[in-house]
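For reference, final_37.cif is printed below; it contains mmCIF, C-alpha atoms and all ligand atoms.
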```
data_target
#
loop_
_atom_site.label_atom_id
_atom_site.label_comp_id
_atom_site.auth_asym_id
_atom_site.auth_seq_id
_atom_site.Cartn_x
_atom_site.Cartn_y
_atom_site.Cartn_z
CA MET A 1 63.16 95.24 -138.47
CA VAL A 2 59.93 93.77 -139.80
CA ILE A 3 57.68 92.26 -137.16
CA VAL A 4 55.46 89.58 -138.67
CA MET A 5 52.07 89.12 -137.04
CA ASN A 6 50.09 85.89 -137.43
CA THR A 7 46.29 85.63 -137.62
CA TYR A 8 46.01 85.92 -133.81
CA GLY A 9 48.08 89.10 -133.84
CA GLU A 10 51.10 87.36 -132.24
CA THR A 11 54.68 87.80 -133.33
CA GLU A 12 56.46 84.85 -134.88
CA MET A 13 58.67 84.52 -131.77
CA LYS A 14 55.65 84.33 -129.47
CA THR A 15 54.13 81.58 -131.60
CA GLN A 16 57.39 79.62 -131.42
CA ALA A 17 57.57 80.01 -127.62
CA ARG A 18 53.97 78.81 -127.31
CA PHE A 19 54.82 75.75 -129.46
CA LYS A 20 57.86 74.90 -127.30
CA ILE A 21 55.88 75.16 -124.06
CA GLY A 22 53.22 72.90 -125.61
CA LEU A 23 55.86 70.36 -126.59
CA VAL A 24 57.43 70.29 -123.11
CA ALA A 25 53.97 69.88 -121.53
CA LEU A 26 53.22 66.98 -123.89
CA CYS A 27 56.51 65.25 -123.00
CA PHE A 28 55.66 65.53 -119.27
CA LEU A 29 52.22 64.06 -119.88
CA VAL A 30 53.68 61.09 -121.79
CA MET A 31 56.23 60.50 -119.00
CA ILE A 32 53.55 60.53 -116.29
CA VAL A 33 51.26 58.14 -118.21
CA TRP A 34 54.27 55.87 -118.91
CA THR A 35 55.13 55.68 -115.19
CA VAL A 36 51.60 55.18 -113.86
CA ALA A 37 50.16 52.95 -116.63
CA PRO A 38 51.49 49.63 -115.17
CA LEU A 39 49.46 50.30 -112.01
CA TRP A 40 46.28 49.90 -114.06
CA ALA A 41 47.38 46.69 -115.79
CA ALA A 42 45.04 43.69 -115.36
CA CYS A 43 45.33 42.77 -111.67
CA PRO A 44 44.65 40.03 -110.69
CA GLN A 45 46.12 38.52 -113.84
CA PRO A 46 44.27 35.44 -115.22
CA ARG A 47 46.24 32.40 -114.06
CA ASN A 48 45.86 28.83 -115.41
CA THR A 49 49.20 27.37 -114.37
CA GLN A 50 49.12 23.67 -113.47
CA LYS A 51 49.09 22.96 -109.71
CA ALA A 52 52.29 21.49 -108.24
CA PRO A 53 52.15 17.99 -106.66
CA ASN A 54 51.07 18.27 -102.99
CA GLU A 55 54.49 17.50 -101.50
CA PHE A 56 55.82 20.61 -103.29
CA TYR A 57 52.66 22.74 -103.09
CA ASN A 58 52.75 22.65 -99.28
CA MET A 59 56.43 23.62 -98.96
CA VAL A 60 57.21 26.85 -97.11
CA ASN A 61 60.22 29.02 -97.94
CA PRO A 62 62.94 27.98 -95.45
CA LEU A 63 64.82 31.27 -95.91
CA LYS A 64 64.20 34.51 -94.01
CA PRO A 65 63.60 37.67 -96.07
CA THR A 66 66.94 39.22 -95.10
CA ILE A 67 68.44 41.95 -97.28
CA GLU A 68 71.21 39.51 -98.30
CA ASN A 69 68.75 36.86 -99.52
CA ILE A 70 66.55 39.39 -101.34
CA LEU A 71 69.57 40.95 -103.06
CA GLU A 72 70.84 37.51 -104.14
CA GLY A 73 67.37 36.92 -105.63
CA LYS A 74 67.46 40.28 -107.37
CA GLY A 75 70.88 39.51 -108.92
CA LEU A 76 69.63 36.17 -110.25
CA PHE A 77 66.38 37.68 -111.52
CA GLU A 78 68.08 40.49 -113.39
CA GLU A 79 71.34 38.95 -114.64
CA LYS A 80 72.71 35.71 -113.24
CA ALA A 81 70.00 33.05 -113.79
CA LYS A 82 70.95 30.70 -116.64
CA PRO A 83 69.98 29.92 -119.40
CA LEU A 84 67.98 33.16 -119.40
CA ALA A 85 67.54 35.81 -116.72
CA CYS A 86 63.95 36.20 -115.51
CA LYS A 87 63.79 39.91 -116.41
CA ASN A 88 63.86 39.06 -120.13
CA CYS A 89 60.27 37.85 -119.82
CA HIS A 90 58.99 39.04 -116.44
CA GLY A 91 60.40 42.57 -116.86
CA ILE A 92 63.05 44.23 -114.72
CA ASN A 93 60.30 45.64 -112.43
CA GLY A 94 58.39 42.34 -112.47
CA ASP A 95 55.51 43.88 -114.44
CA GLY A 96 55.54 40.98 -116.94
CA LYS A 97 56.71 43.17 -119.81
CA GLY A 98 60.26 41.99 -120.51
CA ILE A 99 61.76 42.23 -124.00
CA MET A 100 60.67 38.67 -124.86
CA ALA A 101 57.18 38.97 -123.39
CA SER A 102 55.26 40.18 -126.44
CA GLY A 103 55.66 36.84 -128.26
CA LEU A 104 54.39 34.71 -125.35
CA THR A 105 50.89 33.26 -124.85
CA PRO A 106 50.04 32.96 -122.00
CA PRO A 107 51.98 36.07 -120.97
CA PRO A 108 54.64 35.95 -118.23
CA ARG A 109 53.37 36.26 -114.67
CA GLU A 110 53.21 39.85 -113.40
CA PHE A 111 54.87 39.82 -110.02
CA THR A 112 53.90 43.44 -109.33
CA CYS A 113 50.28 42.34 -108.85
CA ALA A 114 49.89 41.23 -105.22
CA LYS A 115 46.33 40.02 -105.92
CA THR A 116 47.74 37.42 -108.33
CA ILE A 117 50.85 36.33 -106.51
CA ASP A 118 50.07 36.63 -102.78
CA GLY A 119 47.61 33.73 -102.87
CA VAL A 120 50.07 31.42 -104.66
CA PRO A 121 52.00 29.30 -102.10
CA ASP A 122 55.82 29.29 -101.96
CA GLY A 123 55.88 25.60 -102.95
CA GLN A 124 53.92 26.29 -106.15
CA LEU A 125 56.37 29.01 -107.22
CA PHE A 126 59.29 26.70 -106.31
CA TRP A 127 57.88 23.87 -108.43
CA ILE A 128 57.29 26.05 -111.50
CA ILE A 129 60.73 27.67 -111.33
CA LYS A 130 62.31 24.19 -111.08
CA ASN A 131 60.21 22.50 -113.77
CA GLY A 132 58.86 25.29 -115.94
CA SER A 133 55.23 25.50 -117.00
CA PRO A 134 54.73 22.96 -119.84
CA GLY A 135 53.13 24.39 -122.98
CA THR A 136 54.10 27.98 -122.03
CA GLY A 137 57.23 30.13 -122.39
CA MET A 138 58.24 29.50 -118.76
CA PRO A 139 61.45 27.40 -118.97
CA SER A 140 62.73 24.85 -116.45
CA PHE A 141 65.67 26.01 -114.34
CA ARG A 142 66.40 22.48 -113.06
CA GLY A 143 70.16 21.88 -113.12
CA HIS A 144 70.86 25.61 -113.39
CA LEU A 145 69.64 26.92 -110.03
CA GLU A 146 70.29 25.40 -106.60
CA ASP A 147 67.30 25.11 -104.25
CA THR A 148 68.65 27.98 -102.12
CA GLN A 149 68.79 30.21 -105.19
CA VAL A 150 65.18 29.34 -106.10
CA TRP A 151 64.05 30.30 -102.58
CA GLN A 152 66.02 33.57 -102.82
CA LEU A 153 64.27 34.30 -106.13
CA ILE A 154 60.90 33.68 -104.48
CA LEU A 155 61.73 36.17 -101.70
CA TYR A 156 62.60 38.76 -104.35
CA VAL A 157 59.52 38.04 -106.49
CA ARG A 158 57.27 38.56 -103.44
CA LYS A 159 59.08 41.84 -102.73
CA LEU A 160 58.13 43.09 -106.22
CA ALA A 161 54.42 42.91 -105.35
CA GLN A 162 55.07 44.98 -102.22
CA THR A 163 56.84 47.58 -104.37
CA ARG A 164 53.64 48.06 -106.37
CA ILE A 165 51.64 48.53 -103.18
CA ALA A 166 54.27 51.02 -102.01
CA LEU A 167 53.91 52.93 -105.29
CA ILE A 168 50.14 53.12 -104.94
CA THR A 169 50.08 54.10 -101.28
CA GLY A 170 53.10 56.36 -101.62
CA ILE A 171 55.02 54.52 -98.92
CA ALA A 172 58.68 54.43 -99.95
CA ASN A 173 60.26 50.99 -99.87
CA GLN A 174 63.08 51.44 -97.38
CA ASN A 175 64.94 48.21 -98.04
CA LEU A 176 65.43 48.06 -101.81
C1 LIG B 1 61.40 32.89 -121.73
C2 LIG B 1 60.50 33.60 -120.84
C3 LIG B 1 60.59 33.38 -119.34
C4 LIG B 1 61.71 33.38 -118.55
C5 LIG B 1 63.16 33.59 -118.95
C6 LIG B 1 61.24 33.19 -117.20
N1 LIG B 1 59.88 33.05 -117.18
FE1 LIG B 1 58.71 32.72 -115.55
N2 LIG B 1 57.07 32.63 -116.70
C7 LIG B 1 57.04 32.82 -118.07
C8 LIG B 1 55.68 32.63 -118.54
C9 LIG B 1 55.22 32.74 -119.97
C10 LIG B 1 54.91 32.31 -117.42
C11 LIG B 1 53.41 32.00 -117.38
C12 LIG B 1 53.23 30.49 -117.29
C13 LIG B 1 51.82 30.09 -117.08
O1 LIG B 1 50.89 30.89 -117.26
O2 LIG B 1 51.62 28.91 -116.71
C14 LIG B 1 55.81 32.33 -116.28
C15 LIG B 1 55.41 32.05 -114.98
C16 LIG B 1 56.23 32.12 -113.88
C17 LIG B 1 55.79 31.92 -112.52
C18 LIG B 1 54.36 31.68 -112.07
C19 LIG B 1 54.08 30.35 -111.46
C20 LIG B 1 52.63 30.23 -111.05
O3 LIG B 1 52.29 29.14 -110.54
O4 LIG B 1 51.85 31.15 -111.21
C21 LIG B 1 56.90 32.08 -111.74
C22 LIG B 1 56.99 32.00 -110.23
C23 LIG B 1 58.02 32.37 -112.61
N3 LIG B 1 57.57 32.38 -113.90
C24 LIG B 1 59.29 32.63 -112.16
C25 LIG B 1 60.38 32.85 -113.00
C26 LIG B 1 61.72 33.04 -112.52
C27 LIG B 1 62.13 33.14 -111.07
C28 LIG B 1 62.51 33.15 -113.63
C29 LIG B 1 64.01 33.29 -113.68
C30 LIG B 1 64.81 32.34 -112.91
C31 LIG B 1 61.65 33.05 -114.80
N4 LIG B 1 60.36 32.86 -114.38
C32 LIG B 1 62.07 33.12 -116.10
C33 LIG B 1 58.11 33.11 -118.87
C34 LIG B 1 59.44 33.18 -118.47
#
```

As a first step, turn the structure in this file into structure tokens.
Amino acid sequence: MVIVMNTYGETEMKTQARFKIGLVALCFLVMIVWTVAPLWAACPQPRNTQKAPNEFYNMVNPLKPTIENILEGKGLFEEKAKPLACKNCHGINGDGKGIMASGLTPPPREFTCAKTIDGVPDGQLFWIIKNGSPGTGMPSFRGHLEDTQVWQLILYVRKLAQTRIALITGIANQNL
């Protein structure tokens, strides 16, 4: 058997093993960056959405954040909302990077950023989900979603911001 040595005096097999280990390490690095990158996304996100009329702006969510309500919101967000489920633009994790997001200016709201969304009152979110945000990609869901469903969506959207905090602080989210 002929053992071929390369310039570093290694056998061919050793060189191949080194290459494979390098490749696996690179894949791990890409995976880690992929997972953690959203945490460094612009937060707070610039926000120029029109303010809702006062009678809506001052509304408070009448529903309690029970598991049932949050899960109803999740179902609507991910699949059931017509004409288009929210995840298509806002992303399944609420990071604002859904499959339709890249074509939209301004970009969809990132619900994972508590600094953006926590200061926005329930009534404002309710108004925009009902009426859309004119001149942007955010459609009106009037006639498609009942008020209760809109409030359930708002409970879920607020939960998404807490998930980001949980990721950063390492506290597992027990409920979802
Ligand atoms: C076709 C894309 C698209 C879909 C589908 C979509 N949105 Fe949006 N959404 C946007 C964009 C774009 C904005 C940013 C609007 C702006 O900056 O005024 C936005 C903004 C919002 C806001 C921010 C309101 C504010 O005052 O900051 C809320 C809340 C929201 N969307 C909820 C939803 C919910 C809930 C659904 C599903 C029922 C949904 N969106 C579906 C594109 C979309």

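Nearest-residue note for ligand LIG 1 (chain B): choosing from A:Ser133, A:Gln162, A:Gln16, A:Thr148, the minimum distance belongs to A:Ser133, counting all atoms listed in the file.
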
_With distances taken over only C-alpha atoms, which residue among A:Ile154, A:Ala161, A:Cys27, A:Val120 lies nearest Lys74 of chain A?_
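With only C-alpha atoms as the atom set, the closest residue is A:Ile154.
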
*From the list A:Gly143, A:Gly135, A:Gly22, A:Pro107, which residue is nearest ligand LIG 1 (chain B) when using only C-alpha atoms and all ligand atoms?*
A:Pro107

*Kindly indicate which residue among A:Leu84, A:Gly137, A:Tyr57, A:Leu153 lies nearest to Ser102 of chain A, using all atoms listed in the file for the distances.*
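Ranking A:Leu84, A:Gly137, A:Tyr57, A:Leu153 by distance to Ser102 of chain A, first place goes to A:Gly137.
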
_Residues within 8 Å of (64.2, 40.6, -104.8), file coords, only C-alpha atoms, listed as a ChimeraX atom specification_ = /A:69-75,77,152-160

_For Gly132 of chain A: contacts at 12 Å, only C-alpha atoms, fewer than 3 positions along chain excluded, given as a PyMOL selection string_ = chain A and resi 49-52+108+124-129+135-142

Output file for the selection above: C-alpha atoms, as an mmCIF file, in the frame of the given file:
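Done, and the output landed in again_27.cif:
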```cif
data_model
loop_
_atom_site.group_PDB
_atom_site.id
_atom_site.type_symbol
_atom_site.label_atom_id
_atom_site.label_comp_id
_atom_site.auth_asym_id
_atom_site.auth_seq_id
_atom_site.Cartn_x
_atom_site.Cartn_y
_atom_site.Cartn_z
ATOM 1 C CA THR A 49 49.200 27.370 -114.370
ATOM 2 C CA GLN A 50 49.120 23.670 -113.470
ATOM 3 C CA LYS A 51 49.090 22.960 -109.710
ATOM 4 C CA ALA A 52 52.290 21.490 -108.240
ATOM 5 C CA PRO A 108 54.640 35.950 -118.230
ATOM 6 C CA GLN A 124 53.920 26.290 -106.150
ATOM 7 C CA LEU A 125 56.370 29.010 -107.220
ATOM 8 C CA PHE A 126 59.290 26.700 -106.310
ATOM 9 C CA TRP A 127 57.880 23.870 -108.430
ATOM 10 C CA ILE A 128 57.290 26.050 -111.500
ATOM 11 C CA ILE A 129 60.730 27.670 -111.330
ATOM 12 C CA GLY A 135 53.130 24.390 -122.980
ATOM 13 C CA THR A 136 54.100 27.980 -122.030
ATOM 14 C CA GLY A 137 57.230 30.130 -122.390
ATOM 15 C CA MET A 138 58.240 29.500 -118.760
ATOM 16 C CA PRO A 139 61.450 27.400 -118.970
ATOM 17 C CA SER A 140 62.730 24.850 -116.450
ATOM 18 C CA PHE A 141 65.670 26.010 -114.340
ATOM 19 C CA ARG A 142 66.400 22.480 -113.060
#
```

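Coordinates place atom CA of Trp151 of chain A at a distance of 9.8 Å from atom CA of Pro65 of chain A.
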
*In terms of the shortest atom-to-atom distance over only C-alpha atoms and all ligand atoms, which of A:Pro134, A:Asp95, A:Cys89, A:Gly103 is closest to ligand LIG 1 (chain B)?*
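Looking only at the distances to ligand LIG 1 (chain B), the closest residue turns out to be A:Cys89.
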
*When distances are computed from all atoms listed in the file, which of A:His144, A:Lys14, A:Lys97, A:Arg47 shows the smallest separation from ligand LIG 1 (chain B)?*
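The closest residue to ligand LIG 1 (chain B) is A:Arg47.
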
Would you list the residues near (44.7, 40.3, -113.6) (no more than 9 Å away, in the coordinates of the file, using all atoms listed in the file) as a PDB file with C-alpha atoms, in the frame of the given file?
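Saved result, selection_30.pdb, follows:
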```
ATOM      1  CA  ALA A  41      47.380  46.690-115.790  1.00  0.00           C
ATOM      2  CA  ALA A  42      45.040  43.690-115.360  1.00  0.00           C
ATOM      3  CA  CYS A  43      45.330  42.770-111.670  1.00  0.00           C
ATOM      4  CA  PRO A  44      44.650  40.030-110.690  1.00  0.00           C
ATOM      5  CA  GLN A  45      46.120  38.520-113.840  1.00  0.00           C
ATOM      6  CA  PRO A  46      44.270  35.440-115.220  1.00  0.00           C
ATOM      7  CA  ARG A  47      46.240  32.400-114.060  1.00  0.00           C
ATOM      8  CA  GLU A 110      53.210  39.850-113.400  1.00  0.00           C
ATOM      9  CA  CYS A 113      50.280  42.340-108.850  1.00  0.00           C
ATOM     10  CA  LYS A 115      46.330  40.020-105.920  1.00  0.00           C
ATOM     11  CA  THR A 116      47.740  37.420-108.330  1.00  0.00           C
TER      12      THR A 116
END
```

*For atom N4 of ligand LIG 1 (chain B) and atom CA of His90 of chain A, quote the distance in Å rounded to one decimal.*
6.7 Å

Atoms added to segment 142-154 of chain A (N, CA and C atoms), reported as a PDB file, keeping the file's coordinate frame:
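Everything below was put into selection_19.pdb:
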```pdb
ATOM      1  N   ARG A 142      65.793  23.653-113.704  1.00  0.00           N
ATOM      2  CA  ARG A 142      66.400  22.480-113.060  1.00  0.00           C
ATOM      3  C   ARG A 142      67.820  22.303-113.592  1.00  0.00           C
ATOM      4  N   GLY A 143      68.774  22.069-112.686  1.00  0.00           N
ATOM      5  CA  GLY A 143      70.160  21.880-113.120  1.00  0.00           C
ATOM      6  C   GLY A 143      70.913  23.196-113.272  1.00  0.00           C
ATOM      7  N   HIS A 144      70.194  24.309-113.269  1.00  0.00           N
ATOM      8  CA  HIS A 144      70.860  25.610-113.390  1.00  0.00           C
ATOM      9  C   HIS A 144      70.846  26.373-112.067  1.00  0.00           C
ATOM     10  N   LEU A 145      69.768  26.194-111.299  1.00  0.00           N
ATOM     11  CA  LEU A 145      69.640  26.920-110.030  1.00  0.00           C
ATOM     12  C   LEU A 145      69.603  25.925-108.872  1.00  0.00           C
ATOM     13  N   GLU A 146      70.379  26.227-107.813  1.00  0.00           N
ATOM     14  CA  GLU A 146      70.290  25.400-106.600  1.00  0.00           C
ATOM     15  C   GLU A 146      69.006  25.773-105.872  1.00  0.00           C
ATOM     16  N   ASP A 147      68.540  24.849-104.986  1.00  0.00           N
ATOM     17  CA  ASP A 147      67.300  25.110-104.250  1.00  0.00           C
ATOM     18  C   ASP A 147      67.357  26.448-103.515  1.00  0.00           C
ATOM     19  N   THR A 148      68.506  26.723-102.871  1.00  0.00           N
ATOM     20  CA  THR A 148      68.650  27.980-102.120  1.00  0.00           C
ATOM     21  C   THR A 148      68.424  29.179-103.038  1.00  0.00           C
ATOM     22  N   GLN A 149      68.956  29.088-104.249  1.00  0.00           N
ATOM     23  CA  GLN A 149      68.790  30.210-105.190  1.00  0.00           C
ATOM     24  C   GLN A 149      67.320  30.384-105.588  1.00  0.00           C
ATOM     25  N   VAL A 150      66.613  29.264-105.751  1.00  0.00           N
ATOM     26  CA  VAL A 150      65.180  29.340-106.100  1.00  0.00           C
ATOM     27  C   VAL A 150      64.418  30.029-104.966  1.00  0.00           C
ATOM     28  N   TRP A 151      64.739  29.668-103.718  1.00  0.00           N
ATOM     29  CA  TRP A 151      64.050  30.300-102.580  1.00  0.00           C
ATOM     30  C   TRP A 151      64.391  31.787-102.494  1.00  0.00           C
ATOM     31  N   GLN A 152      65.640  32.141-102.832  1.00  0.00           N
ATOM     32  CA  GLN A 152      66.020  33.570-102.820  1.00  0.00           C
ATOM     33  C   GLN A 152      65.233  34.331-103.896  1.00  0.00           C
ATOM     34  N   LEU A 153      65.072  33.683-105.057  1.00  0.00           N
ATOM     35  CA  LEU A 153      64.270  34.300-106.130  1.00  0.00           C
ATOM     36  C   LEU A 153      62.836  34.537-105.673  1.00  0.00           C
ATOM     37  N   ILE A 154      62.289  33.557-104.953  1.00  0.00           N
ATOM     38  CA  ILE A 154      60.900  33.680-104.480  1.00  0.00           C
ATOM     39  C   ILE A 154      60.767  34.847-103.499  1.00  0.00           C
TER      40      ILE A 154
END
```
